[in-house]
Structure formats: structure tokens, C-alpha cells
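Q: final-v6.cif is the file, holding mmCIF, C-alpha atoms:
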data_query
loop_
_atom_site.label_atom_id
_atom_site.label_comp_id
_atom_site.auth_asym_id
_atom_site.auth_seq_id
_atom_site.Cartn_x
_atom_site.Cartn_y
_atom_site.Cartn_z
CA MET A 26 -0.55 -29.70 23.02
CA ALA A 27 -0.34 -26.81 25.47
CA ALA A 28 2.87 -25.59 23.82
CA ARG A 29 0.95 -24.79 20.65
CA TYR A 30 -1.34 -22.22 22.29
CA PRO A 31 1.21 -19.39 22.31
CA MET A 32 1.79 -19.96 18.58
CA ILE A 33 -1.94 -19.71 17.93
CA ILE A 34 -1.92 -16.30 19.62
CA SER A 35 1.09 -15.27 17.52
CA PHE A 36 -0.65 -16.55 14.39
CA LEU A 37 -3.79 -14.50 15.07
CA VAL A 38 -1.86 -11.32 15.89
CA PHE A 39 0.35 -11.72 12.80
CA THR A 40 -2.63 -12.44 10.54
CA ILE A 41 -4.41 -9.31 11.76
CA ALA A 42 -1.19 -7.37 11.15
CA VAL A 43 -1.06 -8.73 7.57
CA PHE A 44 -4.66 -7.58 7.06
CA ALA A 45 -3.75 -4.12 8.35
CA GLU A 46 -0.52 -3.89 6.33
CA THR A 47 -2.15 -4.86 3.05
CA ASN A 48 -5.08 -2.45 3.53
CA ARG A 49 -7.65 -5.21 3.29
CA LEU A 50 -11.28 -4.40 4.09
CA PRO A 51 -11.42 -3.98 7.85
CA PHE A 52 -8.37 -1.72 7.74
CA ASP A 53 -8.86 0.13 4.44
CA LEU A 54 -9.31 3.47 6.15
CA PRO A 55 -7.73 5.69 3.47
CA GLU A 56 -10.00 4.16 0.84
CA ALA A 57 -13.12 4.50 2.98
CA GLU A 58 -12.70 8.27 3.44
CA GLN A 59 -14.37 9.27 0.19
CA GLU A 60 -16.09 6.13 -0.99
CA LEU A 61 -18.47 7.87 -3.36
CA ALA A 62 -15.66 9.50 -5.36
CA GLY A 63 -13.37 6.44 -5.30
CA GLY A 64 -11.24 7.52 -2.37
CA TYR A 65 -7.56 8.08 -2.99
CA HIS A 66 -7.77 6.07 -6.23
CA THR A 67 -9.31 9.06 -8.02
CA GLU A 68 -5.90 10.40 -9.02
CA TYR A 69 -4.85 7.14 -10.69
CA SER A 70 -5.92 5.94 -14.11
CA SER A 71 -5.20 2.91 -16.32
CA MET A 72 -1.66 1.57 -15.78
CA LYS A 73 -0.91 3.59 -12.64
CA PHE A 74 -4.08 2.19 -11.06
CA ALA A 75 -3.18 -1.35 -12.17
CA LEU A 76 0.35 -1.07 -10.75
CA PHE A 77 -1.04 0.31 -7.50
CA PHE A 78 -3.31 -2.71 -7.07
CA LEU A 79 -0.60 -5.09 -8.25
CA GLY A 80 1.54 -3.78 -5.41
CA GLU A 81 -1.27 -4.38 -2.90
CA TYR A 82 -1.78 -7.94 -4.12
CA ALA A 83 1.97 -8.58 -4.09
CA ALA A 84 2.00 -7.48 -0.43
CA MET A 85 -0.90 -9.85 0.27
CA ILE A 86 0.88 -12.78 -1.40
CA THR A 87 4.13 -11.96 0.44
CA GLY A 88 2.27 -11.78 3.76
CA SER A 89 0.63 -15.13 3.02
CA ALA A 90 4.01 -16.68 2.20
CA ILE A 91 5.41 -15.40 5.51
CA ILE A 92 2.39 -16.85 7.36
CA VAL A 93 3.00 -20.21 5.67
CA THR A 94 6.71 -20.11 6.48
CA LEU A 95 6.31 -19.13 10.13
CA PHE A 96 3.16 -20.94 11.20
CA LEU A 97 1.98 -23.52 8.67
CA GLY A 98 5.10 -25.62 8.16
CA GLY A 99 6.56 -24.07 5.03
CA TRP A 100 7.16 -26.72 2.37
CA HIS A 101 6.18 -29.64 4.63
CA LEU A 102 2.82 -31.23 3.86
CA PRO A 103 0.65 -32.01 6.91
CA LEU A 104 -1.25 -35.29 6.58
CA PRO A 105 -3.56 -36.95 9.12
CA SER A 106 -1.88 -39.59 11.23
CA CYS A 107 -3.43 -42.92 12.16
CA HIS A 108 -2.41 -42.20 15.77
CA GLY A 109 -4.38 -38.95 15.84
CA GLY A 110 -3.29 -35.47 14.94
CA PHE A 111 -1.05 -34.66 12.00
CA HIS A 112 2.45 -35.60 10.95
CA TRP A 113 4.62 -33.71 8.50
CA VAL A 114 5.49 -35.35 5.21
CA VAL A 115 9.04 -34.37 4.39
CA VAL A 116 10.12 -35.18 0.85
CA ASP A 117 13.89 -35.04 0.69
CA GLY A 118 15.01 -33.16 -2.39
CA THR A 119 18.62 -34.35 -2.02
CA ALA A 120 18.05 -37.79 -3.53
CA PRO A 121 20.16 -38.50 -6.61
CA GLY A 122 18.73 -38.28 -10.09
CA TRP A 123 15.13 -37.63 -10.98
CA ARG A 124 13.88 -38.48 -7.46
CA GLY A 125 15.63 -35.42 -6.09
CA VAL A 126 14.14 -33.21 -8.80
CA VAL A 127 10.63 -34.60 -8.18
CA GLY A 128 11.11 -34.18 -4.42
CA GLY A 129 12.20 -30.57 -4.84
CA LEU A 130 9.30 -29.82 -7.17
CA PHE A 131 6.90 -31.44 -4.69
CA ASN A 132 8.22 -29.20 -1.90
CA ILE A 133 7.89 -26.10 -4.09
CA ALA A 134 4.35 -27.06 -5.15
CA THR A 135 3.39 -27.68 -1.52
CA PHE A 136 4.70 -24.26 -0.46
CA PHE A 137 2.92 -22.44 -3.28
CA GLY A 138 -0.28 -24.40 -2.63
CA GLU A 139 -0.23 -23.45 1.05
CA SER A 140 0.58 -19.83 0.15
CA ARG A 141 -2.30 -19.76 -2.32
CA ARG A 142 -4.66 -21.16 0.31
CA ALA A 143 -3.50 -18.56 2.86
CA ALA A 144 -3.93 -15.74 0.30
CA PHE A 145 -7.40 -17.07 -0.48
CA HIS A 146 -8.30 -16.97 3.23
CA VAL A 147 -6.98 -13.41 3.53
CA HIS A 148 -9.02 -12.40 0.50
CA VAL A 149 -12.22 -14.13 1.67
CA GLY A 150 -11.70 -12.79 5.18
CA ALA A 151 -11.53 -9.28 3.77
CA LEU A 152 -14.81 -9.86 1.95
CA THR A 153 -16.65 -11.13 5.03
CA LEU A 154 -15.43 -8.76 7.74
CA PRO A 155 -17.24 -5.48 8.39
CA ARG A 156 -15.52 -2.13 7.99
CA PHE A 157 -14.49 -0.41 11.21
CA ARG A 158 -15.00 3.18 12.21
CA TYR A 159 -11.86 5.27 11.84
CA ASP A 160 -11.11 5.39 15.58
CA GLN A 161 -11.58 1.66 16.29
CA PRO A 162 -8.50 0.16 14.53
CA CYS A 163 -6.26 2.96 15.73
CA GLY A 164 -7.32 2.44 19.34
CA SER A 165 -7.17 -1.35 19.24
CA ALA A 166 -3.68 -1.45 17.72
CA GLY A 167 -2.15 0.73 20.39
CA SER A 168 -4.12 -0.48 23.37
CA SER A 169 -4.45 -4.23 22.89
CA PHE A 170 -2.48 -5.86 20.07
CA PHE A 171 0.89 -4.54 21.18
CA GLU A 172 0.30 -5.76 24.72
CA ILE A 173 -1.01 -9.14 23.54
CA ALA A 174 2.09 -9.62 21.37
CA LEU A 175 4.41 -8.55 24.20
CA VAL A 176 2.79 -10.87 26.75
CA ASN A 177 2.85 -13.65 24.16
CA ILE A 178 6.63 -13.27 23.81
CA PHE A 179 7.02 -13.89 27.54
CA ILE A 180 4.62 -16.86 27.45
CA VAL A 181 6.50 -18.47 24.56
CA ALA A 182 9.82 -17.84 26.33
CA ALA A 183 8.45 -19.50 29.48
CA PHE A 184 7.19 -22.53 27.52
CA TRP A 185 10.53 -22.76 25.74
CA HIS A 186 12.48 -22.53 28.99
CA ILE A 187 10.31 -25.20 30.63
CA SER A 188 10.68 -27.56 27.68
CA ILE A 189 14.45 -27.06 27.52
CA SER A 190 14.70 -27.65 31.29
CA LYS A 191 12.69 -30.88 30.98
CA MET A 192 14.88 -32.10 28.12
CA ALA A 193 18.05 -31.33 30.08
CA TYR A 194 16.63 -33.09 33.17
CA HIS A 195 15.69 -36.19 31.18
CA ARG A 196 19.10 -36.21 29.49
CA CYS A 197 20.88 -36.01 32.88
CA THR A 198 18.73 -38.73 34.44
CA SER A 199 19.09 -41.07 31.46
CA GLU A 200 22.91 -40.81 31.52
CA ASN A 201 23.07 -42.06 35.14
#
For the structure just supplied, provide its representation as C-alpha cells.

A:
Amino acid sequence: MAARYPMIISFLVFTIAVFAETNRLPFDLPEAEQELAGGYHTEYSSMKFALFFLGEYAAMITGSAIIVTLFLGGWHLPLPSCHGGFHWVVVDGTAPGWRGVVGGLFNIATFFGESRRAAFHVHVGALTLPRFRYDQPCGSAGSSFFEIALVNIFIVAAFWHISISKMAYHRCTSEN
């Protein structure tokens, strides 16, 4: 259980980075400059405006898919276990015939469902978070998030090294 804590830190830092990269509400600083006139969207009309927002939503969906791939199990479906916690349901798409096709489609549907849920949470999170002053996100990115991510790399490496050492020790003691 303790080995999951560094991944939670990585998940939070990466999710905040996705919010900042997609210019969602807490980090929409260029748009907030001239809110009364429409901000930097004033120069765009009709199809140019639609393509601009389509690009922003494509970035949000891509960021959500990366979050699902890295932190939420990808195409594996988490189900509650009778022993407590969750176990991953892995449907093998390599079965012969129609079972393989159904298994592959189930994996694809699971991935897109998780991506849709993550995109929904990014969208709802943008609607519920307050807008920052211009100096707050710039200061927090340079002064705290970089250091948190860097320290988290060392923590994950330490957990990984400890777990590998324990596995090697148990393998050596079981062979004797």
C-alpha cells in the first residue's frame, strides 16, 4: 500500500500539468486578460474559432488518455475484490474466433470509457476551481511543482530499489 503513495503524487502533479497545458479555468491566463472583450478570441470568427476550440478539446482528450494509460490501468477494468481492494479484469483479446474480437472490443471500450470519465473530471474540475491571479500560477510552477516532481522521482526510485532488493533476497533465500 505504501508503494502507491509516490504514484498518487505523480498523478496529482501530472493532472495539474494537464490542466495548465490545456488552458483550463485555473490556468486560462491569456483568456482572462481581457474578459470583457472576449480575450484573445476576439480575432477569431466562425470556423477559425471552432477549430481553435476543437484543438483545445483534443488536447484535453489526449491528456485524459495519457492519464488513463499511465495511472488508471489503461484498458484493464478495475473491479472490487471480495478480499478487499481492487483487482484488474484482463480480457485477453488473443482468443480465437469471435471471443478474441469481443475481448478486444471490450478492452477498447474500457479504455475509451475511462478516458471519457477522466475528461469529464478535467472538465468539471475546470468549472469548479477558482481563477488564479496572474502571478500565482507562474510562481507555483517554478517554486513548488518542479521540486515536488523531482523529489517524487527519487522517492519512486527508492521504493523501486527496495522492492527489487526484497524480491532478489526472497529469490536467493528460497533457492537454498

Q: How many Å lie between atom CA of A:Asn132 and atom CA of A:Ala144, rounded to one decimal?

A: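 That distance, rounded to one decimal, is 18.3 Å.
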
Q: Quick one: residues within 12 Å of A:Ile34, only C-alpha atoms counted, chain neighbours fewer than 3 positions away excluded, as a ChimeraX atom specification?

A: /A:28-31,37-41,96,170,172-178,180-181

Q: Please evaluate the PyMOL selection byres ((chain A and resi 155) around 8) against the structure above and give the resulting residues as a list in words.

A: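 On this input, the PyMOL selection byres ((chain A and resi 155) around 8) captures Leu50, Pro51, Thr153, Leu154, Arg156 and Phe157 of chain A.
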
Q: Given all atoms listed in the file as the basis, pick out the residue of A:Ser190, A:Phe44, A:Thr94, A:Phe171 nearest to A:Val149.

A: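 Closest candidate: A:Phe44.
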